[in-house]
$ cat protein_15.tsv   # TSV, C-alpha atoms
chain	number	residue	atom	x	y	z
A	1	MET	CA	-53.56	-72.85	-69.16
A	2	ASP	CA	-54.20	-71.48	-72.63
A	3	ILE	CA	-55.46	-68.23	-71.15
A	4	VAL	CA	-52.36	-67.82	-68.98
A	5	PHE	CA	-50.14	-68.63	-71.96
A	6	SER	CA	-52.04	-66.12	-74.16
A	7	ILE	CA	-51.81	-63.42	-71.49
A	8	LEU	CA	-48.10	-64.13	-71.05
A	9	LEU	CA	-47.54	-63.91	-74.82
A	10	ALA	CA	-49.54	-60.68	-74.96
A	11	LEU	CA	-47.43	-59.19	-72.15
A	12	ILE	CA	-44.22	-60.27	-73.87
A	13	PHE	CA	-45.46	-58.76	-77.14
A	14	VAL	CA	-46.42	-55.48	-75.42
A	15	GLY	CA	-43.06	-55.44	-73.63
A	16	LEU	CA	-41.09	-56.06	-76.85
A	17	THR	CA	-43.13	-53.43	-78.68
A	18	THR	CA	-42.44	-50.89	-75.93
A	19	VAL	CA	-38.72	-51.71	-75.85
A	20	GLY	CA	-38.58	-51.60	-79.67
A	21	TYR	CA	-40.28	-48.21	-79.68
A	22	PHE	CA	-37.67	-46.75	-77.34
A	23	LEU	CA	-34.75	-48.52	-79.03
A	24	LYS	CA	-35.61	-47.12	-82.45
A	25	ASP	CA	-35.17	-43.60	-81.02
A	26	LEU	CA	-31.96	-44.50	-79.15
A	27	PRO	CA	-29.52	-43.55	-81.97
A	28	THR	CA	-31.22	-40.17	-82.37
A	29	LEU	CA	-31.15	-39.62	-78.63
A	30	LEU	CA	-27.45	-40.53	-78.42
A	31	ARG	CA	-26.63	-38.22	-81.34
A	32	GLU	CA	-28.51	-35.37	-79.69
A	33	LEU	CA	-26.67	-35.98	-76.42
A	34	ARG	CA	-23.30	-35.84	-78.23
A	35	VAL	CA	-24.28	-32.63	-80.02
A	36	GLU	CA	-25.39	-31.07	-76.76
A	37	GLU	CA	-22.15	-32.11	-75.03
A	38	SER	CA	-20.13	-30.69	-77.90
A	39	ARG	CA	-22.10	-27.44	-77.79
A	40	LYS	CA	-21.58	-27.22	-74.03
A	41	ASN	CA	-17.81	-27.73	-74.43
A	42	SER	CA	-17.66	-25.17	-77.24
A	43	GLU	CA	-19.51	-22.60	-75.16
A	44	LYS	CA	-17.14	-23.18	-72.25
A	45	GLU	CA	-14.15	-22.80	-74.57
A	46	ILE	CA	-15.56	-19.58	-76.03
A	47	GLN	CA	-16.25	-18.18	-72.56
A	48	ARG	CA	-12.74	-19.10	-71.47
A	49	GLU	CA	-11.25	-17.49	-74.59
A	50	ILE	CA	-13.28	-14.29	-74.10
A	51	PHE	CA	-12.29	-14.07	-70.45
A	52	PHE	CA	-8.63	-14.72	-71.24
A	53	ARG	CA	-8.61	-12.18	-74.09
A	54	GLN	CA	-10.17	-9.53	-71.85
A	55	LEU	CA	-7.71	-10.30	-69.11
A	56	LYS	CA	-4.61	-10.37	-71.26
A	57	GLY	CA	-5.64	-8.01	-74.07
A	58	SER	CA	-3.92	-4.88	-72.84
A	59	GLU	CA	-0.85	-6.77	-71.67
A	60	LEU	CA	-0.57	-8.55	-75.01
A	61	ALA	CA	-0.91	-5.20	-76.77
A	62	ASN	CA	1.91	-3.77	-74.61
A	63	THR	CA	4.05	-6.82	-75.32
A	64	LEU	CA	3.48	-6.49	-79.06
A	65	GLU	CA	4.25	-2.78	-78.85
A	66	ASP	CA	7.51	-3.30	-76.94
A	67	TRP	CA	8.79	-6.00	-79.30
A	68	SER	CA	7.79	-3.81	-82.25
A	69	ASP	CA	9.67	-0.89	-80.67
A	70	LEU	CA	12.70	-3.13	-80.40
A	71	ILE	CA	12.74	-3.76	-84.15
A	72	MET	CA	11.57	-0.31	-85.24
A	73	ASN	CA	14.19	1.50	-83.16
A	74	LEU	CA	17.17	-0.72	-83.93
A	75	ASP	CA	19.56	2.22	-83.79
A	76	LYS	CA	18.39	3.39	-80.37
A	77	THR	CA	17.71	0.00	-78.84
A	78	SER	CA	20.75	-1.93	-79.98
A	79	LYS	CA	22.48	-1.10	-76.70
A	80	THR	CA	19.41	-1.82	-74.58
A	81	ALA	CA	18.25	-4.83	-76.60
A	82	THR	CA	20.62	-7.04	-74.70
A	83	ASP	CA	19.96	-5.28	-71.40
A	84	GLY	CA	19.15	-8.19	-69.10
A	85	ASP	CA	16.29	-6.58	-67.19
A	86	ARG	CA	14.48	-5.26	-70.26
A	87	LEU	CA	14.95	-8.45	-72.21
A	88	SER	CA	13.80	-10.52	-69.23
A	89	ALA	CA	10.67	-8.37	-68.91
A	90	LEU	CA	9.92	-8.82	-72.62
A	91	GLN	CA	10.44	-12.57	-72.35
A	92	LYS	CA	8.26	-12.82	-69.27
A	93	ARG	CA	5.37	-10.99	-70.93
A	94	VAL	CA	5.50	-13.25	-73.99
A	95	LEU	CA	5.59	-16.25	-71.67
A	96	LEU	CA	2.60	-14.97	-69.68
A	97	TYR	CA	0.39	-13.60	-72.44
A	98	GLY	CA	1.55	-15.10	-75.73
A	99	SER	CA	0.22	-18.21	-77.39
A	100	ASP	CA	2.16	-21.45	-77.32
A	101	ARG	CA	3.35	-20.64	-80.84
A	102	SER	CA	4.68	-17.25	-79.73
A	103	VAL	CA	6.46	-18.79	-76.76
A	104	LYS	CA	8.13	-21.38	-78.99
A	105	ILE	CA	9.25	-18.68	-81.44
A	106	LEU	CA	10.58	-16.67	-78.49
A	107	SER	CA	12.58	-19.67	-77.31
A	108	GLU	CA	14.16	-20.05	-80.75
A	109	THR	CA	14.82	-16.30	-80.87
A	110	MET	CA	16.56	-16.43	-77.52
A	111	GLN	CA	18.59	-19.46	-78.54
A	112	ASN	CA	19.77	-17.39	-81.50
A	113	PHE	CA	20.73	-14.54	-79.14
A	114	TYR	CA	22.62	-16.90	-76.86
A	115	HIS	CA	24.76	-18.11	-79.76
A	116	SER	CA	26.71	-15.00	-80.64
A	117	SER	CA	28.06	-16.65	-83.82
A	118	GLU	CA	24.69	-16.04	-85.52
A	119	ASN	CA	24.45	-12.94	-87.66
A	120	SER	CA	22.23	-9.95	-86.98
A	121	PHE	CA	20.09	-10.60	-90.05
A	122	ILE	CA	18.97	-13.91	-88.55
A	123	ALA	CA	18.23	-12.19	-85.23
A	124	ILE	CA	16.10	-9.58	-87.01
A	125	CYS	CA	14.20	-12.30	-88.86
A	126	PHE	CA	13.51	-14.19	-85.61
A	127	ILE	CA	12.23	-11.02	-83.93
A	128	CYS	CA	10.03	-10.27	-86.94
A	129	HIS	CA	8.53	-13.77	-86.76
A	130	LEU	CA	7.88	-13.24	-83.06
A	131	ILE	CA	6.18	-9.90	-83.74
A	132	CYS	CA	4.02	-11.52	-86.43
A	133	SER	CA	2.99	-14.25	-84.00
A	134	LEU	CA	2.17	-11.72	-81.27
A	135	LYS	CA	0.16	-9.66	-83.76
A	136	TYR	CA	-1.82	-12.76	-84.66
A	137	ASP	CA	-2.36	-13.52	-80.96
A	138	PHE	CA	-3.65	-10.02	-80.33
A	139	THR	CA	-5.61	-9.21	-83.49
A	140	GLY	CA	-6.11	-12.47	-85.36
A	141	TYR	CA	-4.49	-10.88	-88.42
A	142	GLU	CA	-1.48	-12.48	-90.08
A	143	ILE	CA	1.32	-10.37	-91.46
A	144	LEU	CA	4.56	-11.43	-93.09
A	145	PRO	CA	7.92	-10.93	-91.39
A	146	ILE	CA	9.37	-9.62	-94.64
A	147	ASP	CA	6.88	-6.74	-94.54
A	148	ILE	CA	8.25	-5.67	-91.15
A	149	ILE	CA	11.78	-5.86	-92.52
A	150	LYS	CA	10.82	-3.78	-95.54
A	151	ILE	CA	9.26	-1.17	-93.25
A	152	LYS	CA	12.43	-0.84	-91.22
A	153	ILE	CA	15.29	-1.40	-93.68
A	154	LYS	CA	15.62	1.51	-96.09
A	155	ASP	CA	17.95	-0.21	-98.52
A	156	TYR	CA	16.33	-3.64	-98.44
A	157	ASP	CA	16.26	-3.77	-102.24
A	158	SER	CA	20.01	-3.43	-102.51
A	159	LYS	CA	21.47	-6.66	-103.86
A	160	GLU	CA	23.64	-7.20	-100.78
A	161	ASN	CA	20.86	-6.70	-98.20
A	162	LYS	CA	18.28	-8.62	-100.18
A	163	GLU	CA	20.60	-11.63	-100.40
A	164	LYS	CA	21.47	-11.47	-96.69
A	165	PHE	CA	17.84	-11.18	-95.62
A	166	THR	CA	16.73	-13.91	-98.00
A	167	GLU	CA	19.42	-16.22	-96.66
A	168	ALA	CA	18.56	-15.33	-93.05
A	169	GLN	CA	14.86	-15.75	-93.71
A	170	ASP	CA	15.46	-19.19	-95.24
A	171	ILE	CA	17.44	-20.25	-92.16
A	172	VAL	CA	14.82	-18.95	-89.73
A	173	GLU	CA	11.85	-20.36	-91.64
A	174	GLY	CA	13.64	-23.69	-92.00
A	175	ARG	CA	14.13	-23.86	-88.24
A	176	LEU	CA	10.55	-22.83	-87.51
A	177	LYS	CA	9.23	-25.36	-90.06
A	178	GLU	CA	11.24	-28.09	-88.32
A	179	LEU	CA	9.36	-27.22	-85.15
A	180	GLY	CA	6.00	-27.09	-86.94
A	181	LEU	CA	5.50	-23.40	-86.16
A	182	ILE	CA	4.97	-22.23	-89.75

$ encode --input "protein_15.tsv" --output "structure tokens"
Amino acid sequence: MDIVFSILLALIFVGLTTVGYFLKDLPTLLRELRVEESRKNSEKEIQREIFFRQLKGSELANTLEDWSDLIMNLDKTSKTATDGDRLSALQKRVLLYGSDRSVKILSETMQNFYHSSENSFIAICFICHLICSLKYDFTGYEILPIDIIKIKIKDYDSKENKEKFTEAQDIVEGRLKELGLI
């Protein structure tokens, strides 16, 4: 009986030692599995982003160019800016190829257009914010809306224009901050 008991104890000891050996490496193994899963997800996300950027790159560039044309050619495009077909095409391309941030800025821009009581300075500021967002989507570079305004408006530094743009910019940025977009 003592021999059976000794053999049984020896087997239990060997079994516990084996289990203990594997259990001590369990946290390391679990950590490595999490890292590998994270790496796999990151690689998938990068591949998806690369594919999407290749697919939408030229369309996003065209969208950025068309919205930039709208602001840079205010004199020529003021009549066509509200042209339903052109505006719908611009909206559709932002919706298809822009980031969620760009789409949200577009929606606020369009809400401004729909309310004709808003002044043109606010409309210009909204469009400039949209262009900045599209530029970031396309290039990854951030620019300031005020820089676009200064490029286009010759007499920006006049007291009257500076006050109007500052007021409009405060209104637009306040609205976009409420939405968490800037």

$ atom_distance --input "protein_15.tsv" --atom1 "CA of Thr63 in chain A" --atom2 "CA of Ser102 in chain A"
11.3 Å

$ closest_residue --input "protein_15.tsv" --among "A:Ala61, A:Ile153, A:Arg101, A:Leu106" --to "Leu74 in chain A" --atoms "all atoms listed in the file"
A:Ile153

$ residues_around --input "protein_15.tsv" --residues "Glu178 in chain A" --least-positions-apart "6" --cutoff "12 Å" --atoms "all atoms listed in the file" --output "PyMOL selection string"
chain A and resi 104-105+108+171-172

$ atom_distance --input "protein_15.tsv" --atom1 "CA of Phe126 in chain A" --atom2 "CA of Gly57 in chain A"
23.2 Å

$ atom_distance --input "protein_15.tsv" --atom1 "CA of Asp147 in chain A" --atom2 "CA of Ser133 in chain A"
13.5 Å

$ closest_residue --input "protein_15.tsv" --among "A:Ser158, A:Asn112, A:Asn41, A:Thr139" --to "Leu64 in chain A" --atoms "only C-alpha atoms"
A:Thr139

$ closest_residue --input "protein_15.tsv" --among "A:Ala168, A:Leu176, A:Leu30, A:Ile71" --to "Ser107 in chain A" --atoms "only C-alpha atoms"
A:Leu176

$ closest_residue --input "protein_15.tsv" --among "A:Val94, A:Ser68, A:His115, A:Ile149" --to "Lys162 in chain A" --atoms "only C-alpha atoms"
A:Ile149

$ closest_residue --input "protein_15.tsv" --among "A:Phe165, A:Phe13, A:Phe5, A:Phe22" --to "Cys125 in chain A" --atoms "only C-alpha atoms"
A:Phe165

$ residues_around --input "protein_15.tsv" --residues "Tyr97 in chain A" --least-positions-apart "3" --cutoff "8 Å" --atoms "all atoms listed in the file" --output "list in words"
Lys56, Glu59, Leu60, Arg93 and Val94 of chain A

$ closest_residue --input "protein_15.tsv" --among "A:Ile122, A:Leu11, A:Ile3, A:Ile46" --to "Met110 in chain A" --atoms "only C-alpha atoms"
A:Ile122
